[in-house]
Amino acid sequence: MSTIGFIGLGIMGSPMAGHLVRAGHDVTGYDIGPKGLEKLKEAGGSVAASVAEAVRDRDIVITMLPQDEQIEQVFPEILAHAAPGALYIDFSTITPKTAKWTAEQGTKNGLRVLDAPVSGGENGAINAALSIMVGGSADDFAAATPIFETVGKTFALVGGNGAGQCVKAANQLVVGGTYALVAEAILLMENLGADAAKGLDMLAGGLAGSKILELKRETMLARNFVPGFRIDLHHKDMGIILQAAREAEVSIPMGALTAQLIAAGRAMGYGALDHSGLLLVAEALSGR
Ligand code: NAD
């Protein structure tokens, strides 16, 4: 069993840290807010008053923070205080560029670094059923496998440092586009007088079927947009995707359109809602 410093105990980090405690690891958490720290204590972990305290002398350091900005803020503290040889796993969704920066800086300071963004949402975190796309070396991936097995169901090494974030960008492209289309399908069915609930059941059972239809069709129809995954965070991810496409010199017009719909959702004041709230954007565009 390992000693783990876990930074970022929000919607995703909190249940993930809980699984690691229950698997027998000695987990010390740090978050700038009190909620996740309370939950970790209830789960049997301990809490630290700073990043330095959370990571000092730990075998493994984990971050699950919102975006590049927080990684850029916290990572220098990790570098300064983590033990040489410690394994650093970043589960956050950030740009491949920042992931590569952590790997370069980490390697110089004796840290072993993996980018390991996840998919599966809050339910996936609660049920330890996340899909984890990992960038880094085969040796570090092997060392982190017991952690991935504890919080996830599907995981793979998809390339060197930064590759995990590239695959996650592709994932978010598909998720955002799918939500936008499911929202339009609901709008269409409701306004043509079809039974949208039964209609979505049919879509879910056919070629249009997806995890999003499976898990979110009822809450979308009920206009329940409690996050889940906030529109604000998906907006951040669309920025990562468009930047990555620019760097790769590939054209992703569907991605650009999805990014605009998500940006419109924020502009309408829906940033704190779940990304399935793209239905509200579709409705507004049709004056509904
Ligand atoms: P969240 O906002 O619920 O959690 C982030 C946590 O980080 C918060 O508790 C916040 O207080 C803490 N934090 C922020 N700055 C900090 C700092 N400087 N030091 C310590 N703690 C700090 O976000 P989340 O939904 O858990 O998402 C975390 C990451 O996982 C994001 O990159 C997101 O894109 C990704 N993700 C989220 C989901 C989802 O469904 N929520 C799914 C897959 C991936």
# chains A, B, ... in the order shown; residues from 1 in each chain; ligands from 1
>>> residues_around(residues="Met238 in chain A", least_positions_apart="2", cutoff="12 Å", atoms="only C-alpha atoms", output="ChimeraX atom specification")
/A:93-95,168-177,231-236,240-245,252,254-263
>>> residues_around(residues="range 27-38 of chain A", least_positions_apart="5", cutoff="9 Å", atoms="only C-alpha atoms", output="PyMOL selection string")
chain A and resi 2-11+13-14+17-18+20-21+43-51+53-55
>>> write_last_selection(atoms="N, CA and C atoms", output="mmCIF file, in the first residue's frame")
data_model
loop_
_atom_site.group_PDB
_atom_site.id
_atom_site.type_symbol
_atom_site.label_atom_id
_atom_site.label_comp_id
_atom_site.auth_asym_id
_atom_site.auth_seq_id
_atom_site.Cartn_x
_atom_site.Cartn_y
_atom_site.Cartn_z
ATOM 1 N N SER A 2 0.359 2.317 -0.552
ATOM 2 C CA SER A 2 1.190 3.517 -0.747
ATOM 3 C C SER A 2 0.722 4.676 0.120
ATOM 4 N N THR A 3 1.646 5.611 0.341
ATOM 5 C CA THR A 3 1.246 6.884 0.936
ATOM 6 C C THR A 3 0.956 7.843 -0.226
ATOM 7 N N ILE A 4 -0.193 8.515 -0.141
ATOM 8 C CA ILE A 4 -0.655 9.335 -1.264
ATOM 9 C C ILE A 4 -1.014 10.738 -0.784
ATOM 10 N N GLY A 5 -0.515 11.752 -1.488
ATOM 11 C CA GLY A 5 -0.964 13.132 -1.280
ATOM 12 C C GLY A 5 -1.935 13.454 -2.403
ATOM 13 N N PHE A 6 -3.182 13.839 -2.078
ATOM 14 C CA PHE A 6 -4.230 14.032 -3.083
ATOM 15 C C PHE A 6 -4.696 15.484 -3.035
ATOM 16 N N ILE A 7 -4.454 16.215 -4.132
ATOM 17 C CA ILE A 7 -4.787 17.648 -4.162
ATOM 18 C C ILE A 7 -5.932 17.904 -5.129
ATOM 19 N N GLY A 8 -7.019 18.481 -4.602
ATOM 20 C CA GLY A 8 -8.202 18.760 -5.424
ATOM 21 C C GLY A 8 -9.297 17.755 -5.150
ATOM 22 N N LEU A 9 -10.120 18.068 -4.129
ATOM 23 C CA LEU A 9 -11.140 17.109 -3.682
ATOM 24 C C LEU A 9 -12.532 17.636 -4.038
ATOM 25 N N GLY A 10 -12.759 17.830 -5.327
ATOM 26 C CA GLY A 10 -14.053 18.346 -5.786
ATOM 27 C C GLY A 10 -14.972 17.218 -6.208
ATOM 28 N N ILE A 11 -15.804 17.492 -7.195
ATOM 29 C CA ILE A 11 -16.805 16.518 -7.666
ATOM 30 C C ILE A 11 -16.139 15.189 -8.004
ATOM 31 N N GLY A 13 -12.476 14.462 -7.551
ATOM 32 C CA GLY A 13 -11.389 14.083 -6.648
ATOM 33 C C GLY A 13 -11.889 13.464 -5.355
ATOM 34 N N SER A 14 -12.989 13.977 -4.841
ATOM 35 C CA SER A 14 -13.480 13.496 -3.550
ATOM 36 C C SER A 14 -13.830 11.998 -3.576
ATOM 37 N N ALA A 17 -10.552 9.900 -4.094
ATOM 38 C CA ALA A 17 -9.725 9.791 -2.879
ATOM 39 C C ALA A 17 -10.353 8.789 -1.911
ATOM 40 N N GLY A 18 -11.683 8.803 -1.815
ATOM 41 C CA GLY A 18 -12.398 7.856 -0.940
ATOM 42 C C GLY A 18 -12.103 6.409 -1.333
ATOM 43 N N LEU A 20 -9.471 5.287 -2.800
ATOM 44 C CA LEU A 20 -8.076 4.964 -2.475
ATOM 45 C C LEU A 20 -7.930 4.667 -0.977
ATOM 46 N N VAL A 21 -8.660 5.413 -0.144
ATOM 47 C CA VAL A 21 -8.628 5.135 1.308
ATOM 48 C C VAL A 21 -9.178 3.732 1.565
ATOM 49 N N ALA A 43 -14.256 9.656 5.260
ATOM 50 C CA ALA A 43 -13.900 8.393 4.580
ATOM 51 C C ALA A 43 -12.725 7.685 5.259
ATOM 52 N N GLY A 44 -12.032 8.402 6.175
ATOM 53 C CA GLY A 44 -10.913 7.762 6.889
ATOM 54 C C GLY A 44 -9.542 8.248 6.454
ATOM 55 N N GLY A 45 -9.504 9.286 5.612
ATOM 56 C CA GLY A 45 -8.221 9.867 5.219
ATOM 57 C C GLY A 45 -7.823 10.978 6.169
ATOM 58 N N SER A 46 -6.644 11.559 5.946
ATOM 59 C CA SER A 46 -6.268 12.701 6.776
ATOM 60 C C SER A 46 -6.134 13.935 5.891
ATOM 61 N N VAL A 47 -6.152 15.114 6.525
ATOM 62 C CA VAL A 47 -6.127 16.341 5.730
ATOM 63 C C VAL A 47 -4.891 17.172 6.067
ATOM 64 N N ALA A 48 -4.422 17.909 5.039
ATOM 65 C CA ALA A 48 -3.238 18.748 5.202
ATOM 66 C C ALA A 48 -3.654 20.206 5.085
ATOM 67 N N ALA A 49 -2.805 21.089 5.622
ATOM 68 C CA ALA A 49 -3.114 22.519 5.596
ATOM 69 C C ALA A 49 -2.457 23.225 4.414
ATOM 70 N N SER A 50 -1.652 22.491 3.643
ATOM 71 C CA SER A 50 -0.980 23.101 2.489
ATOM 72 C C SER A 50 -0.584 22.008 1.498
ATOM 73 N N VAL A 51 -0.241 22.446 0.280
ATOM 74 C CA VAL A 51 0.253 21.486 -0.718
ATOM 75 C C VAL A 51 1.518 20.823 -0.177
ATOM 76 N N GLU A 53 2.531 20.202 2.826
ATOM 77 C CA GLU A 53 2.258 19.193 3.848
ATOM 78 C C GLU A 53 1.631 17.926 3.226
ATOM 79 N N ALA A 54 0.806 18.135 2.211
ATOM 80 C CA ALA A 54 0.120 16.984 1.586
ATOM 81 C C ALA A 54 1.092 16.083 0.819
ATOM 82 N N VAL A 55 2.164 16.671 0.252
ATOM 83 C CA VAL A 55 3.004 15.880 -0.657
ATOM 84 C C VAL A 55 4.319 15.405 -0.038
#
>>> residues_around(residues="range 101-103 of chain A", least_positions_apart="2", cutoff="10 Å", atoms="only C-alpha atoms", output="ChimeraX atom specification")
/A:71-72,75-76,79,88,90,95-99,105-109,111-115,135-136,160-162
>>> closest_residue(among="A:Gly265, A:Pro253, A:Gly209, A:Gly228", to="ligand 1", atoms="only C-alpha atoms and all ligand atoms")
A:Gly228
>>> closest_residue(among="A:Met16, A:Ala194, A:Ala52, A:Val118", to="ligand 1", atoms="only C-alpha atoms and all ligand atoms")
A:Val118
>>> closest_residue(among="A:Leu221, A:Met1, A:Leu181, A:Val61", to="Ala197 in chain A", atoms="only C-alpha atoms")
A:Leu221
>>> closest_residue(among="A:Gly277, A:Ala82, A:Ile132, A:Gly164", to="Gly120 in chain A", atoms="only C-alpha atoms")
A:Ile132
>>> closest_residue(among="A:Ser131, A:Ser210, A:Asn224, A:Ser137", to="ligand 1", atoms="only C-alpha atoms and all ligand atoms")
A:Ser131
>>> residues_around(residues="Met268 in chain A", least_positions_apart="6", cutoff="10 Å", atoms="only C-alpha atoms", output="PyMOL selection string")
chain A and resi 262+280-281+284
>>> atom_distance(atom1="CA of Phe229 in chain A", atom2="CA of Thr150 in chain A")
21.6 Å
>>> closest_residue(among="A:Pro146, A:Gly206, A:Gly269, A:Gly239", to="ligand 1", atoms="only C-alpha atoms and all ligand atoms")
A:Gly239
>>> select_by_dssp(residues="range 107-138 of chain A", states="alpha helix (DSSP H)", output="list in words")
Thr107, Lys108, Gly121, Glu122, Asn123, Gly124, Ala125, Ile126 and Ala138 of chain A
>>> write_last_selection(atoms="N, CA and C atoms", output="PDB file, in the first residue's frame")
ATOM      1  N   THR A 107      10.829  15.600 -14.368  1.00  0.00           N
ATOM      2  CA  THR A 107      11.966  14.720 -14.640  1.00  0.00           C
ATOM      3  C   THR A 107      13.264  15.357 -14.151  1.00  0.00           C
ATOM      4  N   LYS A 108      13.396  16.678 -14.405  1.00  0.00           N
ATOM      5  CA  LYS A 108      14.609  17.393 -13.948  1.00  0.00           C
ATOM      6  C   LYS A 108      14.777  17.308 -12.434  1.00  0.00           C
ATOM      7  N   GLY A 121     -17.448  10.907 -15.922  1.00  0.00           N
ATOM      8  CA  GLY A 121     -18.242  11.841 -15.136  1.00  0.00           C
ATOM      9  C   GLY A 121     -18.290  11.501 -13.659  1.00  0.00           C
ATOM     10  N   GLU A 122     -19.162  12.215 -12.961  1.00  0.00           N
ATOM     11  CA  GLU A 122     -19.286  12.038 -11.511  1.00  0.00           C
ATOM     12  C   GLU A 122     -19.678  10.594 -11.179  1.00  0.00           C
ATOM     13  N   ASN A 123     -20.599  10.020 -11.966  1.00  0.00           N
ATOM     14  CA  ASN A 123     -21.011   8.628 -11.711  1.00  0.00           C
ATOM     15  C   ASN A 123     -19.828   7.684 -11.838  1.00  0.00           C
ATOM     16  N   GLY A 124     -19.012   7.922 -12.854  1.00  0.00           N
ATOM     17  CA  GLY A 124     -17.834   7.075 -13.055  1.00  0.00           C
ATOM     18  C   GLY A 124     -16.887   7.175 -11.869  1.00  0.00           C
ATOM     19  N   ALA A 125     -16.750   8.382 -11.316  1.00  0.00           N
ATOM     20  CA  ALA A 125     -15.871   8.564 -10.145  1.00  0.00           C
ATOM     21  C   ALA A 125     -16.479   7.867  -8.927  1.00  0.00           C
ATOM     22  N   ILE A 126     -17.773   8.033  -8.720  1.00  0.00           N
ATOM     23  CA  ILE A 126     -18.437   7.429  -7.553  1.00  0.00           C
ATOM     24  C   ILE A 126     -18.392   5.908  -7.627  1.00  0.00           C
ATOM     25  N   ALA A 138       6.244   3.477 -19.915  1.00  0.00           N
ATOM     26  CA  ALA A 138       5.644   2.177 -19.587  1.00  0.00           C
ATOM     27  C   ALA A 138       5.933   1.788 -18.130  1.00  0.00           C
TER      28      ALA A 138
END
>>> residues_around(residues="Ala83 in chain A", least_positions_apart="4", cutoff="7 Å", atoms="only C-alpha atoms", output="number ranges by chain")
A: 56-58
>>> atom_distance(atom1="CA of Ala183 in chain A", atom2="CA of Ala282 in chain A")
6.4 Å
>>> select_by_dssp(residues="range 75-137 of chain A", states="strand (DSSP E)", output="ChimeraX atom specification")
/A:87-90,112-115,118-119,130-135
>>> atom_distance(atom1="atom 17 (C, counted along the ligand's line) of ligand 1", atom2="CA of Ile89 in chain A")
15.7 Å
